[in-house]
Amino acid sequence: MKLGLSTACYRWLLDEHRRRDRPEHRNFGWPPAFLQTEAPPPPGTARWAWMLDKTRELGLESFYMHAADVGGAAEVRRMGEGMRAAGLEFNGGLSANWAADADEWDREWRSGAIANVALNAAAGASIATVTHRLPGKHNHFTTNPPVSEQIDRAIRNFRTLLPACETHGVTLAFENHMDYRLGEVTALVQGLGSEFARITLDTANSYLVLEDPLEGARLAAPYTAAAHLKDFTLHPLTETWEPELHWAPVGRGNAPIAQVLDLLAAQAPNPDGLLAQIETAGLPQTDPDRWVRAGAAHARRLWARHFPTQAAP
């Protein structure tokens with residue numbers, strides 16, 4: 001496997017609407033971010049260029065970002081050239097409303113999604129992680145339509161993208177993105193029945209849809225092309241008798257990441273080429289760089305056999 005980095009780790013530094021150096025940041029009630037090892041980059045700095053430099057600095061092998069967030073075709077080609085020169089692999093991505101009905105899909109989503117497949121290819125991505133655009137409207141718990149029909153719609157919708165995927169050599173890797181269970185994502189990929197339809201397995205998002213992450217991983221592993229290494233601490237009982245989940249550095253929480261990696265090594269279609277991205281996106285007052293470095297060190301020390309190209313600290 002190849003150990004990499006998700007742009008989400010640095011969202012409070014890089015996302016224009018989330019940068020913690022904006023005057024509006026304090027208006028949302030966030031406390032000041034003291035003792036940070038990284039400051040937001042100067043305005044106008046390309047997010048992909050910052051991520052490329054950070055990935056190299058950390059000794060990682062890839063990073064994940066949606067191609068449309070890079071820019072237009074010329075910019076994504078420039079990024080792709082920079083990635084290849086640095087010896088890094090780009091894990092691209094795109095987003096669409098999985099559960100759109102046929103009319104809405106054809107009217108609002110299909111052409112844009114096809115264009116995004118081509119954009120990912122222009123950036124040099126062979127894997128594009130696919131996230132659900134409207135999880136607040138359609139998800140595992142909504143009933144209009146029932147979740148089984150939502151997955152049937154997704155099968156019908158994404159089947160229209162497969163010719164473009166074949167043309168451009170881009171595999172769609174559907175993520176359990178705090179919206180659907182891995183069992184449901186597996187059903188989507190099985191329904192598509194294509195080598196260009198695979199899964200991005202998030203190691204902790206299953207908790208948000210009340211799915212055992214290890215049971216979900218057992219279903220998804222034979223179809224998994226990428227992974228997000230994410231960790232939460234679980235607090236099943238609090239003083240208010242309500243459970244809580246909190247972000248944690250990778251390897252410091254309760255997600256069964258070691259067992260999931262074992263499953264992927266044994267069952268994934270191409271475990272040697274599988275892109276495993278560290279993804280921690282804690283509260284803005286946390287230090288993202290310390291969390292990323294802690295997760296990378298943990299992976300290199302305790303999961304070294306899964307990341308043989310990573311130098312031990």
# chains A, B, ... in the order shown; residues from 1 in each chain; ligands from 1

$ select_by_dssp --residues "region 29-250 of chain A" --states "strand (DSSP E or B)" --output "ChimeraX atom specification"
/A:62-64,89-96,127-132,171-175,197-202,224-229,231-235,244-248

$ residues_around --residues "Pro42 (chain A)" --least-positions-apart "3" --cutoff "12 Å" --atoms "only C-alpha atoms" --output "PyMOL selection string"
chain A and resi 13-14+16+19+21-22+38-39+45-47+50

$ residues_around --residues "Ala68 (chain A)" --least-positions-apart "2" --cutoff "8 Å" --atoms "only C-alpha atoms" --output "list in words"
His66, Val70, Gly71, Gly72, Leu94, Asn116 and Leu119 of chain A

$ residues_around --residues "region 183-197 of chain A" --least-positions-apart "3" --cutoff "6 Å" --atoms "only C-alpha atoms" --output "PyMOL selection string"
chain A and resi 151+155+171-172+216+220

$ write_last_selection --atoms "N, CA and C atoms" --output "short mmCIF file (atom, residue, chain, number, x, y, z; two decimals), in the first residue's frame"
data_model
loop_
_atom_site.label_atom_id
_atom_site.label_comp_id
_atom_site.auth_asym_id
_atom_site.auth_seq_id
_atom_site.Cartn_x
_atom_site.Cartn_y
_atom_site.Cartn_z
N ILE A 151 -29.87 3.42 -3.50
CA ILE A 151 -28.75 2.68 -4.09
C ILE A 151 -29.08 2.26 -5.51
N ILE A 155 -26.89 3.23 -8.83
CA ILE A 155 -26.43 2.28 -9.85
C ILE A 155 -26.80 2.77 -11.24
N THR A 171 -10.86 5.04 -12.51
CA THR A 171 -11.73 4.19 -11.71
C THR A 171 -12.46 5.03 -10.68
N LEU A 172 -13.78 4.89 -10.62
CA LEU A 172 -14.58 5.55 -9.60
C LEU A 172 -14.51 4.73 -8.32
N GLY A 216 -18.30 -3.89 8.06
CA GLY A 216 -18.41 -3.22 6.77
C GLY A 216 -17.20 -3.46 5.91
N ALA A 220 -16.54 -4.81 2.02
CA ALA A 220 -16.00 -3.89 1.02
C ALA A 220 -14.61 -4.26 0.52
#

$ closest_residue --among "A:Leu214, A:Leu52, A:Met65, A:Ala296" --to "Leu264 (chain A)" --atoms "only C-alpha atoms"
A:Leu214

$ atom_distance --atom1 "CA of Pro213 (chain A)" --atom2 "CA of Leu234 (chain A)"
12.7 Å

$ closest_residue --among "A:Gly93, A:Pro222, A:Gly4, A:Pro236" --to "Ile278 (chain A)" --atoms "only C-alpha atoms"
A:Gly4

$ atom_distance --atom1 "CA of Phe174 (chain A)" --atom2 "CA of Ala225 (chain A)"
9.4 Å

$ atom_distance --atom1 "CA of Thr224 (chain A)" --atom2 "CA of Asn176 (chain A)"
11.4 Å

$ residues_around --residues "Gln259 (chain A)" --least-positions-apart "3" --cutoff "10 Å" --atoms "only C-alpha atoms" --output "PyMOL selection string"
chain A and resi 214+217-218+255-256+262-265

$ select_by_dssp --residues "region 51-229 of chain A" --states "alpha helix (DSSP H)" --output "PDB file with C-alpha atoms, in the first residue's frame"
ATOM      1  CA  MET A  51      -0.263  19.941  -0.525  1.00  0.00           C
ATOM      2  CA  LEU A  52       2.455  18.753  -2.902  1.00  0.00           C
ATOM      3  CA  ASP A  53       5.150  20.417  -0.807  1.00  0.00           C
ATOM      4  CA  LYS A  54       3.635  19.109   2.441  1.00  0.00           C
ATOM      5  CA  THR A  55       3.370  15.557   1.096  1.00  0.00           C
ATOM      6  CA  ARG A  56       7.029  15.592   0.099  1.00  0.00           C
ATOM      7  CA  GLU A  57       8.066  17.120   3.411  1.00  0.00           C
ATOM      8  CA  ALA A  73      -7.975  21.778 -17.332  1.00  0.00           C
ATOM      9  CA  ALA A  74      -4.778  23.805 -17.694  1.00  0.00           C
ATOM     10  CA  GLU A  75      -4.265  24.011 -13.930  1.00  0.00           C
ATOM     11  CA  VAL A  76      -4.900  20.305 -13.327  1.00  0.00           C
ATOM     12  CA  ARG A  77      -2.414  19.434 -16.063  1.00  0.00           C
ATOM     13  CA  ARG A  78       0.125  21.711 -14.411  1.00  0.00           C
ATOM     14  CA  MET A  79      -0.511  19.983 -11.112  1.00  0.00           C
ATOM     15  CA  GLY A  80      -0.180  16.563 -12.744  1.00  0.00           C
ATOM     16  CA  GLU A  81       3.194  17.532 -14.159  1.00  0.00           C
ATOM     17  CA  GLY A  82       4.312  18.693 -10.733  1.00  0.00           C
ATOM     18  CA  MET A  83       3.121  15.465  -9.126  1.00  0.00           C
ATOM     19  CA  ARG A  84       4.957  13.297 -11.634  1.00  0.00           C
ATOM     20  CA  ALA A  85       8.143  15.347 -11.256  1.00  0.00           C
ATOM     21  CA  ALA A  86       7.926  14.847  -7.482  1.00  0.00           C
ATOM     22  CA  ALA A 102     -33.367   9.990 -13.570  1.00  0.00           C
ATOM     23  CA  ASP A 103     -34.635  13.402 -14.688  1.00  0.00           C
ATOM     24  CA  GLU A 104     -32.604  15.297 -12.090  1.00  0.00           C
ATOM     25  CA  ARG A 110     -24.548  13.764 -15.584  1.00  0.00           C
ATOM     26  CA  SER A 111     -22.638  16.127 -17.874  1.00  0.00           C
ATOM     27  CA  GLY A 112     -20.717  17.696 -15.004  1.00  0.00           C
ATOM     28  CA  ALA A 113     -19.742  14.300 -13.620  1.00  0.00           C
ATOM     29  CA  ILE A 114     -18.508  13.163 -17.044  1.00  0.00           C
ATOM     30  CA  ALA A 115     -16.464  16.367 -17.343  1.00  0.00           C
ATOM     31  CA  ASN A 116     -14.984  15.670 -13.912  1.00  0.00           C
ATOM     32  CA  VAL A 117     -13.894  12.188 -14.992  1.00  0.00           C
ATOM     33  CA  ALA A 118     -11.929  13.814 -17.810  1.00  0.00           C
ATOM     34  CA  LEU A 119     -10.553  16.452 -15.422  1.00  0.00           C
ATOM     35  CA  ASN A 120      -9.245  13.773 -13.074  1.00  0.00           C
ATOM     36  CA  ALA A 121      -7.593  12.035 -16.010  1.00  0.00           C
ATOM     37  CA  ALA A 122      -5.948  15.301 -17.058  1.00  0.00           C
ATOM     38  CA  VAL A 147     -32.276   3.527   1.089  1.00  0.00           C
ATOM     39  CA  SER A 148     -32.599   0.493  -1.178  1.00  0.00           C
ATOM     40  CA  GLU A 149     -34.091   2.721  -3.880  1.00  0.00           C
ATOM     41  CA  GLN A 150     -31.368   5.317  -3.296  1.00  0.00           C
ATOM     42  CA  ILE A 151     -28.747   2.683  -4.088  1.00  0.00           C
ATOM     43  CA  ASP A 152     -30.715   1.524  -7.140  1.00  0.00           C
ATOM     44  CA  ARG A 153     -30.768   5.123  -8.366  1.00  0.00           C
ATOM     45  CA  ALA A 154     -27.030   5.424  -7.792  1.00  0.00           C
ATOM     46  CA  ILE A 155     -26.430   2.275  -9.848  1.00  0.00           C
ATOM     47  CA  ARG A 156     -28.511   3.679 -12.692  1.00  0.00           C
ATOM     48  CA  ASN A 157     -26.879   7.114 -12.473  1.00  0.00           C
ATOM     49  CA  PHE A 158     -23.235   6.084 -12.301  1.00  0.00           C
ATOM     50  CA  ARG A 159     -23.678   3.517 -15.044  1.00  0.00           C
ATOM     51  CA  LEU A 162     -18.683   4.137 -17.046  1.00  0.00           C
ATOM     52  CA  PRO A 163     -18.009   4.758 -20.770  1.00  0.00           C
ATOM     53  CA  ALA A 164     -16.091   7.934 -19.847  1.00  0.00           C
ATOM     54  CA  CYS A 165     -14.199   6.023 -17.153  1.00  0.00           C
ATOM     55  CA  GLU A 166     -13.176   3.392 -19.678  1.00  0.00           C
ATOM     56  CA  THR A 167     -12.120   6.036 -22.195  1.00  0.00           C
ATOM     57  CA  HIS A 168      -9.992   7.958 -19.707  1.00  0.00           C
ATOM     58  CA  LEU A 182     -20.176   0.115   3.542  1.00  0.00           C
ATOM     59  CA  GLY A 183     -22.683  -2.664   2.948  1.00  0.00           C
ATOM     60  CA  GLU A 184     -24.728  -0.260   0.826  1.00  0.00           C
ATOM     61  CA  VAL A 185     -21.678   1.079  -1.003  1.00  0.00           C
ATOM     62  CA  THR A 186     -20.698  -2.513  -1.762  1.00  0.00           C
ATOM     63  CA  ALA A 187     -24.164  -3.133  -3.197  1.00  0.00           C
ATOM     64  CA  LEU A 188     -23.705  -0.090  -5.457  1.00  0.00           C
ATOM     65  CA  VAL A 189     -20.369  -1.348  -6.771  1.00  0.00           C
ATOM     66  CA  GLN A 190     -21.678  -4.872  -7.244  1.00  0.00           C
ATOM     67  CA  GLY A 191     -24.645  -3.462  -9.151  1.00  0.00           C
ATOM     68  CA  LEU A 192     -22.353  -1.548 -11.498  1.00  0.00           C
ATOM     69  CA  PRO A 213     -16.558  -0.687  10.710  1.00  0.00           C
ATOM     70  CA  LEU A 214     -14.895  -4.105  10.659  1.00  0.00           C
ATOM     71  CA  GLU A 215     -18.048  -5.853   9.468  1.00  0.00           C
ATOM     72  CA  GLY A 216     -18.413  -3.217   6.767  1.00  0.00           C
ATOM     73  CA  ALA A 217     -14.783  -3.637   5.766  1.00  0.00           C
ATOM     74  CA  ARG A 218     -15.251  -7.391   5.367  1.00  0.00           C
ATOM     75  CA  LEU A 219     -17.902  -6.682   2.735  1.00  0.00           C
ATOM     76  CA  ALA A 220     -15.997  -3.891   1.015  1.00  0.00           C
TER      77      ALA A 220
END

$ residues_around --residues "Pro32 (chain A)" --least-positions-apart "5" --cutoff "12 Å" --atoms "only C-alpha atoms" --output "list in words"
Arg20, Asp21, Arg22, Pro23, His25, Arg26, Asn27, Leu283, Pro284, Gln285, Thr286 and Asp287 of chain A
